[in-house]
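Below is the file input29.pdb, which contains PDB, C-alpha atoms.
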ATOM      1  CA  MET A   1       3.444  -4.449  29.904
ATOM      2  CA  ASN A   2       0.890  -7.232  30.069
ATOM      3  CA  ILE A   3       1.233 -10.346  27.937
ATOM      4  CA  LEU A   4      -1.692  -9.808  25.536
ATOM      5  CA  SER A   5      -0.575  -6.246  24.755
ATOM      6  CA  PHE A   6       2.984  -7.443  24.079
ATOM      7  CA  ILE A   7       1.767 -10.189  21.752
ATOM      8  CA  SER A   8      -0.627  -7.757  20.075
ATOM      9  CA  GLN A   9       2.192  -5.318  19.291
ATOM     10  CA  LYS A  10       4.261  -8.061  17.651
ATOM     11  CA  ILE A  11       1.290  -9.201  15.555
ATOM     12  CA  LYS A  12       0.508  -5.620  14.459
ATOM     13  CA  ILE A  13       4.088  -5.163  13.296
ATOM     14  CA  ARG A  14       3.975  -8.404  11.315
ATOM     15  CA  TYR A  15       0.504  -7.910   9.820
ATOM     16  CA  PHE A  16       0.474  -4.153   9.149
ATOM     17  CA  ILE A  17       3.809  -2.401   9.488
ATOM     18  CA  ARG A  18       6.173  -4.526   7.430
ATOM     19  CA  GLU A  19       4.196  -3.739   4.241
ATOM     20  CA  ILE A  20       4.682   0.035   4.602
ATOM     21  CA  PRO A  21       7.464   1.484   2.434
ATOM     22  CA  LYS A  22      10.230   3.143   4.454
ATOM     23  CA  ASN A  23       9.662   6.485   2.692
ATOM     24  CA  ALA A  24       5.850   6.580   3.161
ATOM     25  CA  MET A  25       4.143   9.498   4.890
ATOM     26  CA  ILE A  26       2.467   7.936   7.938
ATOM     27  CA  LEU A  27       0.081   9.380  10.501
ATOM     28  CA  GLU A  28      -0.723   7.389  13.614
ATOM     29  CA  ILE A  29      -3.919   8.543  15.290
ATOM     30  CA  GLY A  30      -3.819   7.709  18.987
ATOM     31  CA  SER A  31      -0.068   7.230  19.340
ATOM     32  CA  GLY A  32      -0.325   6.659  23.105
ATOM     33  CA  SER A  33       2.913   5.395  24.636
ATOM     34  CA  MET A  34       4.697   5.903  21.292
ATOM     35  CA  TRP A  35       5.727   2.243  21.037
ATOM     36  CA  LEU A  36       5.017   2.257  17.289
ATOM     37  CA  SER A  37       6.921   5.502  16.784
ATOM     38  CA  LYS A  38       9.970   4.026  18.498
ATOM     39  CA  TYR A  39       9.755   0.837  16.455
ATOM     40  CA  MET A  40       9.355   2.648  13.134
ATOM     41  CA  ARG A  41      12.102   5.207  13.762
ATOM     42  CA  ASN A  42      14.502   2.494  14.958
ATOM     43  CA  ASN A  43      13.812   0.437  11.830
ATOM     44  CA  GLY A  44      14.212   3.046   9.106
ATOM     45  CA  TRP A  45      10.841   4.734   8.549
ATOM     46  CA  SER A  46      11.358   8.474   8.162
ATOM     47  CA  GLY A  47       7.871   9.872   7.498
ATOM     48  CA  TYR A  48       6.118   8.909  10.742
ATOM     49  CA  LEU A  49       4.004  11.409  12.716
ATOM     50  CA  GLY A  50       1.928  10.607  15.798
ATOM     51  CA  ILE A  51      -1.094  12.481  17.140
ATOM     52  CA  ASP A  52      -2.793  11.982  20.480
ATOM     53  CA  MET A  53      -4.758  13.985  23.010
ATOM     54  CA  ILE A  54      -1.884  13.853  25.519
ATOM     55  CA  PRO A  55       1.930  13.926  25.325
ATOM     56  CA  PRO A  56       4.358  12.464  24.301
ATOM     57  CA  ALA A  57       2.815  12.613  20.790
ATOM     58  CA  GLU A  58       4.486  14.826  18.171
ATOM     59  CA  ILE A  59       1.115  16.536  17.723
ATOM     60  CA  VAL A  60      -0.949  16.926  20.865
ATOM     61  CA  GLY A  61      -4.586  17.599  20.054
ATOM     62  CA  ASP A  62      -7.866  16.298  18.709
ATOM     63  CA  ILE A  63      -7.759  14.722  15.235
ATOM     64  CA  LYS A  64     -11.151  16.337  14.602
ATOM     65  CA  GLU A  65      -9.245  19.674  14.533
ATOM     66  CA  TRP A  66      -6.618  18.492  12.029
ATOM     67  CA  ARG A  67      -6.652  21.721  10.005
ATOM     68  CA  ARG A  68      -5.999  23.858  13.078
ATOM     69  CA  LEU A  69      -3.201  21.467  14.066
ATOM     70  CA  GLY A  70      -1.406  22.073  10.771
ATOM     71  CA  LEU A  71      -2.164  18.807   8.988
ATOM     72  CA  LYS A  72      -2.746  19.027   5.240
ATOM     73  CA  GLU A  73      -5.521  17.386   3.257
ATOM     74  CA  GLU A  74      -4.489  14.290   1.268
ATOM     75  CA  SER A  75      -0.950  14.305   2.660
ATOM     76  CA  PHE A  76      -0.562  10.775   4.069
ATOM     77  CA  ASP A  77       0.077   7.442   2.371
ATOM     78  CA  TYR A  78      -0.908   5.520   5.509
ATOM     79  CA  ILE A  79      -3.011   6.293   8.530
ATOM     80  CA  ILE A  80      -2.739   3.930  11.462
ATOM     81  CA  ALA A  81      -5.415   3.773  14.153
ATOM     82  CA  PHE A  82      -4.716   0.917  16.559
ATOM     83  CA  GLU A  83      -7.369   0.659  19.275
ATOM     84  CA  VAL A  84      -8.810   4.119  18.547
ATOM     85  CA  LEU A  85     -11.999   3.628  16.563
ATOM     86  CA  GLU A  86     -13.881   2.214  19.549
ATOM     87  CA  HIS A  87     -13.380   5.596  21.272
ATOM     88  CA  ILE A  88     -14.020   8.047  18.420
ATOM     89  CA  ASP A  89     -15.074   7.957  14.776
ATOM     90  CA  ILE A  90     -11.937   8.931  12.857
ATOM     91  CA  ILE A  91     -13.157   7.757   9.443
ATOM     92  CA  PRO A  92     -14.065  11.224   8.032
ATOM     93  CA  GLU A  93     -10.671  12.582   9.094
ATOM     94  CA  ALA A  94      -8.844   9.582   7.636
ATOM     95  CA  LEU A  95     -10.614  10.036   4.311
ATOM     96  CA  ALA A  96      -9.679  13.724   4.249
ATOM     97  CA  LEU A  97      -6.034  13.167   5.194
ATOM     98  CA  LEU A  98      -5.251  10.123   3.044
ATOM     99  CA  LYS A  99      -3.826  10.533  -0.436
ATOM    100  CA  ASP A 100      -5.642   8.844  -3.302
ATOM    101  CA  LYS A 101      -4.947   5.090  -2.941
ATOM    102  CA  GLY A 102      -3.750   5.725   0.634
ATOM    103  CA  LYS A 103      -4.355   3.037   3.244
ATOM    104  CA  LEU A 104      -6.107   3.120   6.598
ATOM    105  CA  LEU A 105      -4.912   0.417   9.000
ATOM    106  CA  ILE A 106      -7.222  -0.250  11.942
ATOM    107  CA  THR A 107      -7.517  -2.540  14.917
ATOM    108  CA  THR A 108     -10.483  -2.411  17.255
ATOM    109  CA  PRO A 109     -12.369  -4.764  19.546
ATOM    110  CA  TYR A 110     -15.053  -6.923  18.024
ATOM    111  CA  PRO A 111     -18.228  -5.261  19.393
ATOM    112  CA  LYS A 112     -19.802  -8.435  20.735
ATOM    113  CA  ALA A 113     -16.649  -9.257  22.737
ATOM    114  CA  ASP A 114     -16.164  -5.976  24.566
ATOM    115  CA  LYS A 115     -17.291  -7.378  27.934
ATOM    116  CA  ILE A 116     -14.795 -10.238  27.609
ATOM    117  CA  LEU A 117     -12.018  -7.774  26.864
ATOM    118  CA  GLU A 118     -13.081  -5.671  29.829
ATOM    119  CA  PHE A 119     -12.709  -8.779  32.001
ATOM    120  CA  PHE A 120      -9.213  -9.376  30.545
ATOM    121  CA  GLU A 121      -8.327  -5.833  31.618
ATOM    122  CA  LYS A 122      -9.489  -6.487  35.173
ATOM    123  CA  ILE A 123      -7.290  -9.561  35.496
ATOM    124  CA  LYS A 124      -4.375  -7.669  33.885
ATOM    125  CA  LEU A 125      -4.127  -9.770  30.726
ATOM    126  CA  ASN A 126      -4.879  -6.782  28.517
ATOM    127  CA  GLN A 127      -4.062  -3.081  28.744
ATOM    128  CA  ARG A 128      -6.609  -0.890  30.491
ATOM    129  CA  ARG A 129      -8.774   1.255  28.264
ATOM    130  CA  THR A 130      -8.060   4.958  28.291
ATOM    131  CA  SER A 131     -11.704   5.939  27.888
ATOM    132  CA  ALA A 132     -15.111   4.359  27.331
ATOM    133  CA  HIS A 133     -15.786   2.372  24.163
ATOM    134  CA  THR A 134     -18.591   4.585  22.878
ATOM    135  CA  ASN A 135     -17.978   3.954  19.162
ATOM    136  CA  LEU A 136     -17.786   0.171  18.879
ATOM    137  CA  ILE A 137     -18.563  -0.782  15.284
ATOM    138  CA  PHE A 138     -18.130  -3.716  12.950
ATOM    139  CA  LEU A 139     -15.392  -2.817  10.465
ATOM    140  CA  LYS A 140     -17.470  -4.295   7.643
ATOM    141  CA  ASN A 141     -19.812  -1.300   8.086
ATOM    142  CA  ILE A 142     -17.175   1.289   7.178
ATOM    143  CA  LYS A 143     -18.046   2.993   3.884
ATOM    144  CA  ASN A 144     -16.321   5.185   1.281
ATOM    145  CA  PHE A 145     -13.211   3.090   0.700
ATOM    146  CA  SER A 146     -12.535   1.417  -2.650
ATOM    147  CA  ASN A 147     -11.050  -1.744  -1.237
ATOM    148  CA  TYR A 148     -10.729  -3.393   2.122
ATOM    149  CA  ARG A 149      -9.614  -6.514   3.919
ATOM    150  CA  ILE A 150     -10.995  -7.372   7.347
ATOM    151  CA  LEU A 151      -9.955 -10.130   9.719
ATOM    152  CA  ASN A 152     -11.943 -11.183  12.768
ATOM    153  CA  ILE A 153      -9.575 -12.556  15.386
ATOM    154  CA  LEU A 154     -11.288 -15.156  17.594
ATOM    155  CA  SER A 155     -14.365 -12.899  17.670
ATOM    156  CA  LEU A 156     -12.396 -10.677  20.080
ATOM    157  CA  SER A 157     -10.635  -8.257  17.777
ATOM    158  CA  GLN A 158     -10.939  -6.903  14.240
ATOM    159  CA  ARG A 159      -8.141  -5.866  11.882
ATOM    160  CA  GLY A 160      -8.832  -3.825   8.802
ATOM    161  CA  LYS A 161      -6.860  -2.592   5.809
ATOM    162  CA  PHE A 162      -8.796  -0.035   3.804
ATOM    163  CA  THR A 163      -7.750   1.712   0.577
ATOM    164  CA  LYS A 164      -9.083   5.153  -0.276
TER     165      LYS A 164
END
Now that the file is in, can you turn its structure into structure tokens?
Amino acid sequence: MNILSFISQKIKIRYFIREIPKNAMILEIGSGSMWLSKYMRNNGWSGYLGIDMIPPAEIVGDIKEWRRLGLKEESFDYIIAFEVLEHIDIIPEALALLKDKGKLLITTPYPKADKILEFFEKIKLNQRRTSAHTNLIFLKNIKNFSNYRILNILSLSQRGKFTK
């Protein structure tokens, strides 16, 4: 694992994960290598479920087809989407799947810095992208949540906590 990805994982745990109650129902969209699943299961969270387009996710499929995949409307306390939103708009699905007062936790590149991050990938400081960044947005433009907190990290990355 490259150094920026390792540091990023540690920061995500500190900033996002520690606030989640151990008994919360959690859906991670884009679970990838399952690093978060392993961390959460090893540290006492029991309601975690990961979805991704490829294994080893618990649910393999497209979040846009959540009904067909057996997910239930308003069934999650937390939805986590780390480095997903730049690939696909998951906001409508998150709104449908979150319980009232549920939280959406997001990280995504800051749109104006995508070329810098692409350079970091080439010199192996950052993980390689799995697909094109066709949905780069500023988190401040996300609508339909009652409350939110957004951090811009060095104009490279954005972190958002949104409440339904």
Discussion item. I'd like the interatomic distance between atom CA of Ile79 of chain A and atom CA of Ala94 of chain A, to a tenth of an Å.
Written reply: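 Atom CA of Ala94 of chain A lies 6.8 Å from atom CA of Ile79 of chain A.
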Item to complete: Considering all atoms listed in the file, state which residue in the set A:Leu154, A:Val84, A:Ile59, A:Ile91 is at the smallest distance from Lys103 of chain A.
Response: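 Of the candidates, the smallest distance to Lys103 of chain A is held by A:Ile91.
By chain and then residue number, the residues within 6 Å of segment 145-149 of chain A are Gly160, Lys161, Phe162, Thr163 and Lys164 of chain A, counting all atoms listed in the file and disregarding those fewer than 5 positions away in sequence.
Using the PyMOL selection byres ((chain A and resi 108-125) around 7) on this structure selects Asn2, Ile3, Leu4, Phe82, Glu83, Val84, Leu85, Glu86, Ile106, Thr107, Asn126, Gln127, Arg128, Leu136, Ile137, Phe138, Ser155, Leu156, Ser157, Gln158 and Arg159 of chain A.
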Could you save the residues just selected, with C-alpha atoms, as a PDB file, in the frame of the given file?
ATOM      1  CA  ASN A   2       0.890  -7.232  30.069  1.00  0.00           C
ATOM      2  CA  ILE A   3       1.233 -10.346  27.937  1.00  0.00           C
ATOM      3  CA  LEU A   4      -1.692  -9.808  25.536  1.00  0.00           C
ATOM      4  CA  PHE A  82      -4.716   0.917  16.559  1.00  0.00           C
ATOM      5  CA  GLU A  83      -7.369   0.659  19.275  1.00  0.00           C
ATOM      6  CA  VAL A  84      -8.810   4.119  18.547  1.00  0.00           C
ATOM      7  CA  LEU A  85     -11.999   3.628  16.563  1.00  0.00           C
ATOM      8  CA  GLU A  86     -13.881   2.214  19.549  1.00  0.00           C
ATOM      9  CA  ILE A 106      -7.222  -0.250  11.942  1.00  0.00           C
ATOM     10  CA  THR A 107      -7.517  -2.540  14.917  1.00  0.00           C
ATOM     11  CA  ASN A 126      -4.879  -6.782  28.517  1.00  0.00           C
ATOM     12  CA  GLN A 127      -4.062  -3.081  28.744  1.00  0.00           C
ATOM     13  CA  ARG A 128      -6.609  -0.890  30.491  1.00  0.00           C
ATOM     14  CA  LEU A 136     -17.786   0.171  18.879  1.00  0.00           C
ATOM     15  CA  ILE A 137     -18.563  -0.782  15.284  1.00  0.00           C
ATOM     16  CA  PHE A 138     -18.130  -3.716  12.950  1.00  0.00           C
ATOM     17  CA  SER A 155     -14.365 -12.899  17.670  1.00  0.00           C
ATOM     18  CA  LEU A 156     -12.396 -10.677  20.080  1.00  0.00           C
ATOM     19  CA  SER A 157     -10.635  -8.257  17.777  1.00  0.00           C
ATOM     20  CA  GLN A 158     -10.939  -6.903  14.240  1.00  0.00           C
ATOM     21  CA  ARG A 159      -8.141  -5.866  11.882  1.00  0.00           C
TER      22      ARG A 159
END
Worksheet item: In Å, with one decimal, what is the gap from atom CA of Tyr39 of chain A to atom CA of Leu139 of chain A?
Response: 26.1 Å
Discussion item. As an exercise, work out the distance from atom CA of Tyr15 of chain A to atom CA of Glu74 of chain A in Å and give it to one decimal place.
Written reply: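 Atom-to-atom, atom CA of Tyr15 of chain A and atom CA of Glu74 of chain A are spaced 24.3 Å apart.
Shortest atom-to-atom contact with Ser31 of chain A among A:Ile142, A:Ser8, A:Pro56, A:Leu151: A:Pro56, counting all atoms listed in the file.
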Discussion item. Taking the file as I've supplied it (selection: the PyMOL selection byres ((chain A and resi 96) around 10)), which residues are included? Please answer as a PyMOL selection string.
Written reply: chain A and resi 66+72-76+91-95+97-100+164
Any chance you could resolve the PyMOL selection byres ((chain A and resi 37) around 12) against this file and give the residues as a tab-separated table (two decimals) with C-alpha atoms, in the coordinates of the input?
chain	number	residue	atom	x	y	z
A	13	ILE	CA	4.09	-5.16	13.30
A	17	ILE	CA	3.81	-2.40	9.49
A	26	ILE	CA	2.47	7.94	7.94
A	27	LEU	CA	0.08	9.38	10.50
A	28	GLU	CA	-0.72	7.39	13.61
A	29	ILE	CA	-3.92	8.54	15.29
A	30	GLY	CA	-3.82	7.71	18.99
A	31	SER	CA	-0.07	7.23	19.34
A	32	GLY	CA	-0.32	6.66	23.10
A	33	SER	CA	2.91	5.40	24.64
A	34	MET	CA	4.70	5.90	21.29
A	35	TRP	CA	5.73	2.24	21.04
A	36	LEU	CA	5.02	2.26	17.29
A	38	LYS	CA	9.97	4.03	18.50
A	39	TYR	CA	9.76	0.84	16.45
A	40	MET	CA	9.36	2.65	13.13
A	41	ARG	CA	12.10	5.21	13.76
A	42	ASN	CA	14.50	2.49	14.96
A	43	ASN	CA	13.81	0.44	11.83
A	44	GLY	CA	14.21	3.05	9.11
A	45	TRP	CA	10.84	4.73	8.55
A	46	SER	CA	11.36	8.47	8.16
A	47	GLY	CA	7.87	9.87	7.50
A	48	TYR	CA	6.12	8.91	10.74
A	49	LEU	CA	4.00	11.41	12.72
A	50	GLY	CA	1.93	10.61	15.80
A	51	ILE	CA	-1.09	12.48	17.14
A	56	PRO	CA	4.36	12.46	24.30
A	57	ALA	CA	2.82	12.61	20.79
A	58	GLU	CA	4.49	14.83	18.17
A	80	ILE	CA	-2.74	3.93	11.46
Would you compute, for all listed atoms of segment 23-34 of chain A, the axis-aligned bounding box grown by 8 Å on each side, and then report its centre and edge lengths in Å rounded to one decimal, as JSON?
{"center_x": 2.9, "center_y": 7.4, "center_z": 13.7, "size_x": 29.6, "size_y": 20.1, "size_z": 37.9}
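Closest approach to Glu19 of chain A among A:Thr134, A:Tyr78, A:Lys140, A:Ile153 is made by A:Tyr78 (distances from all atoms listed in the file).
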Practice prompt. Rank A:Ile150, A:Leu105, A:Leu69, A:His87 by their smallest atom-to-atom distance to Lys12 of chain A, using only C-alpha atoms, and report the top residue only.
Written response: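 Nearest candidate to Lys12 of chain A out of A:Ile150, A:Leu105, A:Leu69, A:His87: A:Leu105.
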Worksheet entry | Top pick for closest residue to Thr130 of chain A, considering A:Val60, A:Met53, A:Ile90, A:Pro21 and counting all atoms listed in the file |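 The closest residue to Thr130 of chain A is A:Met53.
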Would you mind putting N, CA and C atoms back on segment 56-82 of chain A and writing the result as a PDB file, keeping the file's coordinate frame?
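File produced: part_23.pdb:
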ATOM      1  N   PRO A  56       3.222  11.887  25.009  1.00  0.00           N
ATOM      2  CA  PRO A  56       4.358  12.464  24.301  1.00  0.00           C
ATOM      3  C   PRO A  56       4.200  12.543  22.785  1.00  0.00           C
ATOM      4  N   ALA A  57       3.022  12.570  22.241  1.00  0.00           N
ATOM      5  CA  ALA A  57       2.815  12.613  20.790  1.00  0.00           C
ATOM      6  C   ALA A  57       3.502  13.824  20.162  1.00  0.00           C
ATOM      7  N   GLU A  58       3.904  13.683  18.888  1.00  0.00           N
ATOM      8  CA  GLU A  58       4.486  14.826  18.171  1.00  0.00           C
ATOM      9  C   GLU A  58       3.467  15.948  18.031  1.00  0.00           C
ATOM     10  N   ILE A  59       2.205  15.561  17.781  1.00  0.00           N
ATOM     11  CA  ILE A  59       1.115  16.536  17.723  1.00  0.00           C
ATOM     12  C   ILE A  59       0.163  16.201  18.854  1.00  0.00           C
ATOM     13  N   VAL A  60      -0.025  17.123  19.757  1.00  0.00           N
ATOM     14  CA  VAL A  60      -0.949  16.926  20.865  1.00  0.00           C
ATOM     15  C   VAL A  60      -2.220  17.698  20.544  1.00  0.00           C
ATOM     16  N   GLY A  61      -3.315  16.969  20.383  1.00  0.00           N
ATOM     17  CA  GLY A  61      -4.586  17.599  20.054  1.00  0.00           C
ATOM     18  C   GLY A  61      -5.583  16.590  19.529  1.00  0.00           C
ATOM     19  N   ASP A  62      -6.740  17.097  19.188  1.00  0.00           N
ATOM     20  CA  ASP A  62      -7.866  16.298  18.709  1.00  0.00           C
ATOM     21  C   ASP A  62      -7.805  16.173  17.194  1.00  0.00           C
ATOM     22  N   ILE A  63      -7.806  14.949  16.685  1.00  0.00           N
ATOM     23  CA  ILE A  63      -7.759  14.722  15.235  1.00  0.00           C
ATOM     24  C   ILE A  63      -8.911  15.414  14.515  1.00  0.00           C
ATOM     25  N   LYS A  64     -10.011  15.637  15.208  1.00  0.00           N
ATOM     26  CA  LYS A  64     -11.151  16.337  14.602  1.00  0.00           C
ATOM     27  C   LYS A  64     -10.775  17.769  14.217  1.00  0.00           C
ATOM     28  N   GLU A  65      -9.713  18.305  14.812  1.00  0.00           N
ATOM     29  CA  GLU A  65      -9.245  19.674  14.533  1.00  0.00           C
ATOM     30  C   GLU A  65      -7.961  19.651  13.700  1.00  0.00           C
ATOM     31  N   TRP A  66      -7.845  18.706  12.786  1.00  0.00           N
ATOM     32  CA  TRP A  66      -6.618  18.492  12.029  1.00  0.00           C
ATOM     33  C   TRP A  66      -6.148  19.724  11.263  1.00  0.00           C
ATOM     34  N   ARG A  67      -7.065  20.511  10.735  1.00  0.00           N
ATOM     35  CA  ARG A  67      -6.652  21.721  10.005  1.00  0.00           C
ATOM     36  C   ARG A  67      -5.957  22.704  10.954  1.00  0.00           C
ATOM     37  N   ARG A  68      -6.566  22.930  12.098  1.00  0.00           N
ATOM     38  CA  ARG A  68      -5.999  23.858  13.078  1.00  0.00           C
ATOM     39  C   ARG A  68      -4.639  23.358  13.586  1.00  0.00           C
ATOM     40  N   LEU A  69      -4.454  22.057  13.593  1.00  0.00           N
ATOM     41  CA  LEU A  69      -3.201  21.467  14.066  1.00  0.00           C
ATOM     42  C   LEU A  69      -2.100  21.456  13.004  1.00  0.00           C
ATOM     43  N   GLY A  70      -2.415  21.953  11.818  1.00  0.00           N
ATOM     44  CA  GLY A  70      -1.406  22.073  10.771  1.00  0.00           C
ATOM     45  C   GLY A  70      -1.282  20.886   9.838  1.00  0.00           C
ATOM     46  N   LEU A  71      -2.192  19.934   9.917  1.00  0.00           N
ATOM     47  CA  LEU A  71      -2.164  18.807   8.988  1.00  0.00           C
ATOM     48  C   LEU A  71      -2.796  19.222   7.662  1.00  0.00           C
ATOM     49  N   LYS A  72      -2.289  18.666   6.583  1.00  0.00           N
ATOM     50  CA  LYS A  72      -2.746  19.027   5.240  1.00  0.00           C
ATOM     51  C   LYS A  72      -3.590  17.908   4.628  1.00  0.00           C
ATOM     52  N   GLU A  73      -4.633  18.322   3.940  1.00  0.00           N
ATOM     53  CA  GLU A  73      -5.521  17.386   3.257  1.00  0.00           C
ATOM     54  C   GLU A  73      -4.726  16.532   2.262  1.00  0.00           C
ATOM     55  N   GLU A  74      -5.087  15.256   2.194  1.00  0.00           N
ATOM     56  CA  GLU A  74      -4.489  14.290   1.268  1.00  0.00           C
ATOM     57  C   GLU A  74      -2.960  14.295   1.318  1.00  0.00           C
ATOM     58  N   SER A  75      -2.404  14.243   2.523  1.00  0.00           N
ATOM     59  CA  SER A  75      -0.950  14.305   2.660  1.00  0.00           C
ATOM     60  C   SER A  75      -0.320  13.021   3.206  1.00  0.00           C
ATOM     61  N   PHE A  76      -1.118  11.994   3.479  1.00  0.00           N
ATOM     62  CA  PHE A  76      -0.562  10.775   4.069  1.00  0.00           C
ATOM     63  C   PHE A  76      -0.827   9.556   3.186  1.00  0.00           C
ATOM     64  N   ASP A  77       0.195   8.713   3.093  1.00  0.00           N
ATOM     65  CA  ASP A  77       0.077   7.442   2.371  1.00  0.00           C
ATOM     66  C   ASP A  77      -0.603   6.394   3.240  1.00  0.00           C
ATOM     67  N   TYR A  78      -0.352   6.469   4.551  1.00  0.00           N
ATOM     68  CA  TYR A  78      -0.908   5.520   5.509  1.00  0.00           C
ATOM     69  C   TYR A  78      -1.394   6.267   6.738  1.00  0.00           C
ATOM     70  N   ILE A  79      -2.543   5.849   7.226  1.00  0.00           N
ATOM     71  CA  ILE A  79      -3.011   6.293   8.530  1.00  0.00           C
ATOM     72  C   ILE A  79      -3.224   5.039   9.360  1.00  0.00           C
ATOM     73  N   ILE A  80      -2.657   5.061  10.549  1.00  0.00           N
ATOM     74  CA  ILE A  80      -2.739   3.930  11.462  1.00  0.00           C
ATOM     75  C   ILE A  80      -3.591   4.338  12.649  1.00  0.00           C
ATOM     76  N   ALA A  81      -4.556   3.513  12.988  1.00  0.00           N
ATOM     77  CA  ALA A  81      -5.415   3.773  14.153  1.00  0.00           C
ATOM     78  C   ALA A  81      -5.604   2.451  14.895  1.00  0.00           C
ATOM     79  N   PHE A  82      -4.648   2.137  15.764  1.00  0.00           N
ATOM     80  CA  PHE A  82      -4.716   0.917  16.559  1.00  0.00           C
ATOM     81  C   PHE A  82      -5.455   1.219  17.853  1.00  0.00           C
TER      82      PHE A  82
END
